[in-house]
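Engineer: I'm passing along coords.txt; it holds compact mmCIF, C-alpha atoms and all ligand atoms.
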# COMPACT_ATOMS: atom_id res chain seq x y z
CA MET A 1 -118.32 -46.45 13.31
CA SER A 2 -119.41 -48.19 10.14
CA ASN A 3 -121.66 -46.87 7.45
CA GLN A 4 -124.11 -49.56 8.38
CA ILE A 5 -124.47 -48.15 11.86
CA LYS A 6 -124.87 -44.63 10.48
CA LYS A 7 -127.71 -45.88 8.33
CA LEU A 8 -129.37 -47.30 11.40
CA PRO A 9 -129.47 -44.43 13.90
CA PHE A 10 -132.02 -46.11 16.13
CA LEU A 11 -130.01 -49.32 16.36
CA SER A 12 -126.89 -47.29 16.89
CA LEU A 13 -128.56 -45.39 19.72
CA ILE A 14 -129.68 -48.59 21.40
CA ILE A 15 -126.22 -50.12 21.13
CA ALA A 16 -124.52 -46.95 22.34
CA SER A 17 -126.93 -46.60 25.26
CA SER A 18 -126.50 -50.19 26.31
CA ILE A 19 -122.73 -49.81 26.19
CA ILE A 20 -122.80 -46.67 28.34
CA LEU A 21 -125.21 -48.15 30.85
CA SER A 22 -123.37 -51.41 31.12
CA THR A 23 -120.05 -49.63 31.34
CA MET A 24 -121.33 -47.90 34.45
CA TYR A 25 -122.07 -51.26 35.93
CA PHE A 26 -119.14 -53.38 34.89
CA ILE A 27 -115.43 -52.79 34.84
CA ASN A 28 -112.97 -54.09 32.36
CA PHE A 29 -111.56 -56.38 34.99
CA ALA A 30 -108.94 -58.25 33.09
CA TYR A 31 -107.27 -55.23 31.59
CA SER A 32 -108.05 -52.16 33.62
CA GLN A 33 -107.06 -54.12 36.69
CA SER A 34 -104.03 -55.49 34.92
CA LYS A 35 -102.40 -52.55 33.24
CA PRO A 36 -98.79 -53.16 32.33
CA SER A 37 -96.47 -52.61 35.21
CA VAL A 38 -94.77 -49.23 35.14
CA ASP A 39 -91.79 -48.32 37.27
CA GLY A 40 -92.10 -51.45 39.33
CA LEU A 41 -95.77 -50.99 40.21
CA LYS A 42 -97.25 -54.39 40.84
CA VAL A 43 -100.09 -55.51 38.57
CA ARG A 44 -102.99 -57.49 39.90
CA SER A 45 -102.32 -61.03 38.76
CA CYS A 46 -104.32 -64.24 38.44
CA SER A 47 -101.04 -66.13 38.01
CA CYS A 48 -102.90 -68.01 35.34
CA VAL A 49 -102.28 -69.16 31.81
CA ALA A 50 -104.89 -69.99 29.18
CA PHE A 51 -104.12 -72.06 26.12
CA ARG A 52 -105.94 -71.14 22.93
CA LEU A 53 -105.97 -73.65 20.05
CA ASP A 54 -106.97 -71.84 16.84
CA ASP A 55 -108.34 -73.09 13.53
CA VAL A 56 -110.27 -76.03 14.94
CA GLU A 57 -112.07 -77.58 11.97
CA ASP A 58 -112.48 -80.99 10.35
CA PHE A 59 -109.85 -80.47 7.65
CA PRO A 60 -107.02 -80.39 6.70
CA TYR A 61 -105.26 -80.94 10.07
CA SER A 62 -107.52 -83.22 12.10
CA SER A 63 -104.67 -85.38 13.45
CA PRO A 64 -102.53 -82.53 14.83
CA LEU A 65 -105.64 -80.91 16.33
CA ILE A 66 -106.76 -84.09 18.07
CA GLY A 67 -103.18 -84.78 19.20
CA VAL A 68 -102.96 -81.38 20.91
CA MET A 69 -106.39 -81.74 22.52
CA GLU A 70 -105.37 -85.17 23.81
CA VAL A 71 -102.40 -83.68 25.69
CA PHE A 72 -104.77 -81.46 27.64
CA ARG A 73 -107.15 -84.36 28.32
CA GLU A 74 -104.33 -86.60 29.57
CA LYS A 75 -103.04 -83.87 31.85
CA ASN A 76 -106.58 -82.99 32.95
CA ILE A 77 -106.28 -79.28 32.27
CA GLY A 78 -108.53 -76.79 30.57
CA LEU A 79 -108.21 -75.74 26.94
CA THR A 80 -110.00 -73.14 24.83
CA ILE A 81 -110.51 -74.07 21.19
CA GLY A 82 -111.35 -71.63 18.39
CA VAL A 83 -113.88 -73.34 16.13
CA VAL A 84 -114.40 -72.20 12.53
CA GLY A 85 -118.18 -72.52 12.12
CA LYS A 86 -118.48 -73.55 8.50
CA ASN A 87 -115.75 -76.20 8.69
CA ILE A 88 -116.85 -78.20 11.71
CA ASP A 89 -119.17 -81.24 11.43
CA VAL A 90 -118.09 -81.70 7.80
CA ASP A 91 -115.69 -83.94 5.82
CA THR A 92 -114.79 -87.03 7.90
CA LYS A 93 -116.08 -85.23 11.01
CA GLN A 94 -113.20 -86.64 13.09
CA VAL A 95 -112.57 -83.41 14.99
CA TYR A 96 -116.31 -82.91 15.47
CA TYR A 97 -116.75 -86.43 16.89
CA TYR A 98 -113.73 -85.99 19.14
CA ILE A 99 -115.04 -82.74 20.64
CA LYS A 100 -118.52 -84.20 21.01
CA GLN A 101 -117.09 -87.14 22.95
CA ARG A 102 -115.04 -84.85 25.19
CA LEU A 103 -118.07 -82.74 26.02
CA MET A 104 -120.10 -85.84 26.89
CA ASN A 105 -117.36 -87.08 29.21
CA HIS A 106 -116.76 -83.78 30.96
CA GLY A 107 -120.22 -82.27 31.13
CA GLY A 108 -120.24 -79.05 29.18
CA ASN A 109 -117.72 -76.27 29.67
CA ASN A 110 -116.88 -77.04 33.30
CA GLY A 111 -113.64 -78.10 34.90
CA ALA A 112 -111.01 -79.51 32.61
CA ALA A 113 -113.39 -79.76 29.72
CA ILE A 114 -112.86 -78.08 26.41
CA GLU A 115 -114.14 -74.52 26.17
CA ILE A 116 -115.47 -73.76 22.73
CA ALA A 117 -114.74 -70.31 21.33
CA ASN A 118 -116.07 -68.71 18.16
CA HIS A 119 -113.34 -68.31 15.51
CA SER A 120 -115.72 -66.88 12.86
CA TRP A 121 -117.71 -68.59 10.12
CA GLU A 122 -115.16 -68.85 7.29
CA HIS A 123 -111.97 -67.43 8.78
CA GLY A 124 -112.31 -64.26 6.72
CA ARG A 125 -110.56 -60.96 7.29
CA PHE A 126 -112.85 -58.94 9.52
CA LEU A 127 -111.24 -55.62 8.63
CA ASN A 128 -112.60 -56.13 5.09
CA PHE A 129 -116.11 -56.85 6.41
CA THR A 130 -118.95 -54.44 7.08
CA PHE A 131 -120.55 -54.42 10.50
CA VAL A 132 -123.42 -56.56 9.21
CA GLU A 133 -121.04 -59.09 7.65
CA GLN A 134 -119.03 -59.31 10.89
CA SER A 135 -122.13 -59.77 12.98
CA ASN A 136 -123.50 -62.44 10.62
CA SER A 137 -120.23 -64.36 10.81
CA VAL A 138 -120.27 -64.32 14.61
CA ARG A 139 -123.98 -65.18 14.82
CA LYS A 140 -123.91 -68.05 12.30
CA THR A 141 -120.96 -69.63 14.09
CA ASN A 142 -122.62 -69.31 17.49
CA GLU A 143 -125.82 -70.84 16.11
CA LYS A 144 -123.96 -73.81 14.66
CA ILE A 145 -121.94 -74.42 17.82
CA GLU A 146 -125.15 -74.27 19.84
CA SER A 147 -126.93 -76.69 17.52
CA ILE A 148 -124.17 -79.32 17.29
CA PHE A 149 -122.53 -79.02 20.71
CA GLY A 150 -125.26 -77.44 22.83
CA ILE A 151 -122.88 -74.73 24.05
CA THR A 152 -123.09 -70.96 23.70
CA PRO A 153 -119.62 -69.47 23.19
CA THR A 154 -118.62 -66.38 25.17
CA VAL A 155 -115.16 -65.97 23.63
CA PHE A 156 -114.60 -64.61 20.13
CA ILE A 157 -111.25 -65.07 18.39
CA PRO A 158 -111.04 -62.81 15.32
CA PRO A 159 -109.10 -64.46 12.47
CA TYR A 160 -105.61 -63.07 11.85
CA PHE A 161 -105.89 -61.09 15.12
CA GLU A 162 -107.80 -58.43 13.13
CA TYR A 163 -110.71 -56.52 14.61
CA ASN A 164 -112.15 -53.03 14.80
CA ASN A 165 -114.97 -51.13 16.49
CA ASP A 166 -117.57 -52.94 14.37
CA THR A 167 -116.29 -56.24 15.76
CA ILE A 168 -116.99 -55.01 19.28
CA PHE A 169 -120.50 -53.95 18.22
CA ALA A 170 -121.00 -57.34 16.54
CA MET A 171 -119.96 -59.03 19.79
CA HIS A 172 -122.40 -56.89 21.78
CA GLU A 173 -125.14 -57.82 19.37
CA ASN A 174 -124.35 -61.50 19.89
CA ASN A 175 -123.96 -61.32 23.67
CA MET A 176 -120.31 -62.32 23.69
CA ARG A 177 -118.04 -61.40 26.56
CA PHE A 178 -114.38 -61.94 25.67
CA ILE A 179 -112.33 -61.08 22.61
CA SER A 180 -108.88 -62.48 22.04
CA ALA A 181 -106.70 -60.90 19.38
CA ASN A 182 -103.07 -60.07 20.15
CA ASP A 183 -101.30 -57.53 22.29
CA THR A 184 -100.83 -55.00 19.53
CA ASP A 185 -104.43 -54.15 20.43
CA SER A 186 -106.37 -51.60 18.40
CA SER A 187 -106.34 -47.83 18.39
CA VAL A 188 -110.13 -47.86 18.28
CA TYR A 189 -110.76 -50.23 21.13
CA SER A 190 -108.14 -49.50 23.71
CA ARG A 191 -107.42 -52.11 26.29
CA PHE A 192 -107.36 -49.29 28.81
CA SER A 193 -110.92 -48.23 28.10
CA ASN A 194 -113.76 -49.42 30.26
CA SER A 195 -115.99 -51.91 28.52
CA THR A 196 -118.23 -54.85 29.11
CA ILE A 197 -116.16 -56.90 26.69
CA TYR A 198 -112.84 -58.01 28.02
CA HIS A 199 -109.85 -58.26 25.76
CA LEU A 200 -107.66 -61.25 26.55
CA PRO A 201 -104.98 -61.04 23.87
CA ALA A 202 -102.60 -63.81 22.94
CA THR A 203 -99.31 -62.91 24.61
CA ALA A 204 -97.35 -66.10 23.93
CA GLU A 205 -97.24 -68.73 21.20
CA THR A 206 -96.02 -72.25 20.48
CA GLY A 207 -95.40 -71.59 16.80
CA CYS A 208 -95.25 -68.67 14.45
CA ASN A 209 -95.89 -67.88 10.85
CA LYS A 210 -93.11 -65.85 9.20
CA CYS A 211 -91.59 -65.18 12.58
CA ASN A 212 -91.02 -61.55 13.31
CA ALA A 213 -87.40 -60.67 12.60
CA THR A 214 -87.13 -58.96 15.96
CA LYS A 215 -87.76 -62.25 17.72
CA SER A 216 -84.96 -64.71 18.19
CA TYR A 217 -85.93 -68.33 18.22
CA ALA A 218 -83.03 -70.65 18.60
CA SER A 219 -84.61 -73.27 16.36
CA ALA A 220 -86.04 -70.91 13.78
CA ASN A 221 -84.71 -71.10 10.27
CA LYS A 222 -85.74 -67.82 8.69
CA SER A 223 -86.13 -69.38 5.24
CA TYR A 224 -89.12 -71.42 6.41
CA PRO A 225 -92.48 -69.74 6.92
CA TRP A 226 -93.83 -71.73 9.84
CA HIS A 227 -91.82 -72.51 12.95
CA GLY A 228 -92.44 -74.55 16.00
CA ILE A 229 -91.06 -72.81 19.07
CA GLU A 230 -89.09 -74.59 21.76
CA TYR A 231 -90.79 -74.62 25.12
CA GLU A 232 -88.21 -72.42 26.85
CA GLU A 233 -89.01 -69.55 24.50
CA THR A 234 -92.76 -69.85 25.03
CA LEU A 235 -92.20 -70.08 28.79
CA ASN A 236 -90.23 -66.84 28.68
CA GLN A 237 -93.09 -65.16 26.80
CA ILE A 238 -95.53 -66.42 29.44
CA LYS A 239 -93.41 -65.12 32.33
CA LYS A 240 -93.08 -61.75 30.63
CA SER A 241 -96.84 -61.59 30.07
CA ILE A 242 -97.64 -62.52 33.68
CA HIS A 243 -95.28 -59.81 34.86
CA GLN A 244 -96.74 -57.24 32.47
CA TYR A 245 -100.46 -58.07 32.49
CA GLY A 246 -101.02 -60.54 35.32
CA PHE A 247 -102.08 -63.32 32.93
CA ALA A 248 -100.92 -65.05 29.75
CA VAL A 249 -102.76 -66.44 26.75
CA VAL A 250 -100.79 -68.93 24.67
CA VAL A 251 -101.91 -69.29 21.07
CA MET A 252 -101.38 -72.57 19.24
CA HIS A 253 -102.11 -73.52 15.63
CA PRO A 254 -102.39 -77.03 14.17
CA ALA A 255 -99.69 -76.02 11.67
CA GLU A 256 -96.81 -76.22 14.14
CA TYR A 257 -97.99 -79.66 15.27
CA SER A 258 -98.21 -80.92 11.70
CA LEU A 259 -95.39 -83.19 10.53
CA GLU A 260 -92.93 -81.41 8.25
CA HIS A 261 -94.37 -78.00 9.00
CA ASP A 262 -90.86 -76.60 8.95
CA ALA A 263 -90.32 -77.90 5.42
CA VAL A 264 -93.52 -76.27 4.19
CA ALA A 265 -94.90 -79.73 3.47
CA PHE A 266 -97.67 -79.73 6.04
CA GLN A 267 -99.09 -83.17 6.64
CA ASN A 268 -102.15 -84.32 8.45
CA THR A 269 -99.86 -86.28 10.75
CA LEU A 270 -98.94 -85.32 14.26
CA ASP A 271 -95.41 -84.00 14.80
CA LEU A 272 -94.46 -85.84 17.98
CA LYS A 273 -91.32 -83.76 18.46
CA GLN A 274 -93.31 -80.53 18.65
CA LEU A 275 -95.95 -82.20 20.79
CA ARG A 276 -93.21 -83.11 23.28
CA GLN A 277 -92.34 -79.41 23.50
CA LEU A 278 -95.95 -78.72 24.46
CA GLU A 279 -95.87 -81.39 27.18
CA LEU A 280 -92.65 -79.95 28.59
CA LEU A 281 -94.13 -76.44 28.47
CA ILE A 282 -97.20 -77.49 30.45
CA ASP A 283 -95.04 -79.31 33.02
CA LYS A 284 -92.82 -76.24 33.48
CA ILE A 285 -95.81 -73.90 33.82
CA GLN A 286 -97.18 -76.08 36.60
CA GLU A 287 -93.76 -76.28 38.27
CA GLU A 288 -93.76 -72.46 38.31
CA GLY A 289 -96.98 -72.59 40.33
CA LEU A 290 -99.09 -71.01 37.59
CA HIS A 291 -102.69 -72.18 37.03
CA ILE A 292 -103.81 -73.34 33.61
CA VAL A 293 -107.42 -72.28 32.98
CA THR A 294 -109.78 -71.73 30.08
CA MET A 295 -110.11 -68.19 28.76
CA GLY A 296 -113.70 -67.76 29.90
CA ASN A 297 -112.74 -68.93 33.38
CA MET A 298 -109.66 -66.73 33.72
CA ILE A 299 -111.58 -63.87 35.28
CA ASN A 300 -112.67 -66.11 38.17
CA HIS A 301 -109.05 -66.62 39.20
CA TYR A 302 -108.43 -63.04 40.35
ZN ZN B 1 -107.23 -68.72 12.77
Let me see whether you can do it: turn the structure in this file into structure tokens.

Structural biologist:
Amino acid sequence: MSNQIKKLPFLSLIIASSIILSTMYFINFAYSQSKPSVDGLKVRSCSCVAFRLDDVEDFPYSSPLIGVMEVFREKNIGLTIGVVGKNIDVDTKQVYYYIKQRLMNHGGNNGAAIEIANHSWEHGRFLNFTFVEQSNSVRKTNEKIESIFGITPTVFIPPYFEYNNDTIFAMHENNMRFISANDTDSSVYSRFSNSTIYHLPATAETGCNKCNATKSYASANKSYPWHGIEYEETLNQIKKSIHQYGFAVVVMHPAEYSLEHDAVAFQNTLDLKQLRQLELLIDKIQEEGLHIVTMGNMINHY
């Protein structure tokens, strides 16, 4: 627990009490019901896949971002986008206007509309932040999203997949329900613990930064820092995740959909070749009989 909480025993007591009381009432559905399969034990599965588009902001990659969001609109499927609070509704506002239009056409967060998630205020490293700084970042972003889009996010995506116990407290303080980091999880906040906040980690990806040497991507040239992944590889990650957890969350970044991303000359131009991989991936997921849903809606598919 942070020093800030220690300095505020009364607040700490309230938070701790509310966690205990609510824990008695709720269950960590997504994870405690979906523990990794052991020795062939079958996990409870929603047979569903959520796509998570990170780093949604008005610069520098508005074209790749809009290009990816358009694929989901054309195919009429749900998408969760991680908005960086400070950097939306600024610059040319192209991404902002696009999202605004989508929300008007689809009526809020329902159906195949875009689900807006909180991806922090300035994309800072939360492990370097105090509890108060983390909570302020979450709150300011929620307030801005509410004021410009009229939507209250329930999903928080910590930048760089980094979070700790203070992040969970900050989410409680801001009435958020889902956190999505990655499946390395955290020793502090175990996915096997009961909690009112569900952890829906990214378990698959369409691109990767400095790809882990243990992974083998057919198209990956290890001398380049950012790779787009071919759809077969992502599909394998999804199948593995469904088998292990009962769901899959696919993380995407505008970088892999930016032209010349693999030459480290990122451009604000859509890479149609990589976008085609995304279209093929979505088609294959649907052919497998898996549902594509937003992250906040995933729990309703069990
Ligand atoms: Zn990010």

Engineer: To check your reading of the model: which residues sit at most 7 Å from ligand ZN 1 (chain B) when counting only C-alpha atoms and all ligand atoms? Write the answer as a list in words.

Structural biologist: Asp54, Asp55, His119, His123, Pro159 and Tyr160 of chain A

Engineer: Just give me the gap between CA of Glu232 (chain A) and CA of Phe247 (chain A) in Å, one decimal is fine.

Structural biologist: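 Interatomic distance, CA of Glu232 (chain A) to CA of Phe247 (chain A): 17.7 Å.
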
Engineer: What's the separation between CA of Val68 (chain A) and CA of Asn297 (chain A), in Å to one decimal place?

Structural biologist: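 That distance, rounded to one decimal, is 20.2 Å.
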
Engineer: When you count all atoms listed in the file, which of these residues is closest to Leu103 (chain A): A:Val138, A:Lys284, A:Leu127, A:Arg73?

Structural biologist: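 Nearest candidate to Leu103 (chain A) out of A:Val138, A:Lys284, A:Leu127, A:Arg73: A:Arg73.
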
Engineer: What separation in Å, quoted to one decimal, exists between CA of Lys75 (chain A) and CA of Ala113 (chain A)?

Structural biologist: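 Separation of CA of Lys75 (chain A) and CA of Ala113 (chain A): 11.3 Å.
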
Engineer: Tell me which of A:Tyr245, A:Phe129, A:Phe72, A:Phe161 sits closest to Phe51 (chain A), counting all atoms listed in the file.

Structural biologist: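 Among the listed residues, A:Phe72 lies closest to Phe51 (chain A).
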
Engineer: Using only C-alpha atoms, pick whichever of A:Leu79, A:Met69, A:Glu57, A:Gly85 has the shortest atom-to-atom distance to Met298 (chain A).

Structural biologist: A:Leu79

Engineer: Taking all atoms listed in the file into account, which of A:Val293, A:Tyr198, A:Ile282, A:Lys273 comes nearest Glu74 (chain A)?

Structural biologist: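 Checking each of A:Val293, A:Tyr198, A:Ile282, A:Lys273 against Glu74 (chain A), counting all atoms listed in the file, the winner is A:Ile282.
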
Engineer: Which one is closest to Ser62 (chain A): A:Glu288, A:Glu122, A:Asp91, A:Asp283? Count only C-alpha atoms.

Structural biologist: A:Asp91

Engineer: May I have the protein, DNA and RNA residues with an atom at most 7 Å from (-107.5, -76.5, 15.9), counting only C-alpha atoms in the file's coordinates, returned as a list in words?

Structural biologist: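 Within the cut-off we find Leu53, Asp54, Asp55, Val56, Glu57, Leu65, Ile81, Gly82, His253 and Pro254 of chain A.
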
Engineer: Taking C-alpha atoms for each residue, export the selection above as a PDB file, keeping the file's coordinate frame.

Structural biologist:
ATOM      1  CA  LEU A  53    -105.970 -73.650  20.050  1.00  0.00           C
ATOM      2  CA  ASP A  54    -106.970 -71.840  16.840  1.00  0.00           C
ATOM      3  CA  ASP A  55    -108.340 -73.090  13.530  1.00  0.00           C
ATOM      4  CA  VAL A  56    -110.270 -76.030  14.940  1.00  0.00           C
ATOM      5  CA  GLU A  57    -112.070 -77.580  11.970  1.00  0.00           C
ATOM      6  CA  LEU A  65    -105.640 -80.910  16.330  1.00  0.00           C
ATOM      7  CA  ILE A  81    -110.510 -74.070  21.190  1.00  0.00           C
ATOM      8  CA  GLY A  82    -111.350 -71.630  18.390  1.00  0.00           C
ATOM      9  CA  HIS A 253    -102.110 -73.520  15.630  1.00  0.00           C
ATOM     10  CA  PRO A 254    -102.390 -77.030  14.170  1.00  0.00           C
TER      11      PRO A 254
END

Engineer: Given all atoms listed in the file as the basis, pick out the residue of A:Ala50, A:Leu281, A:Ala265, A:Val132 nearest to Val250 (chain A).

Structural biologist: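 Of A:Ala50, A:Leu281, A:Ala265, A:Val132, the one nearest Val250 (chain A), counting all atoms listed in the file, is A:Ala50.
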
Engineer: Mind checking which residues fall within 12 Å of Val251 (chain A), counting all atoms listed in the file, ignoring those fewer than 2 positions away in the same chain, and posting them as a ChimeraX atom specification?

Structural biologist: /A:49-55,79-82,157,160-161,180-183,200-209,228-229,234,237-238,248-249,253-256,278,295
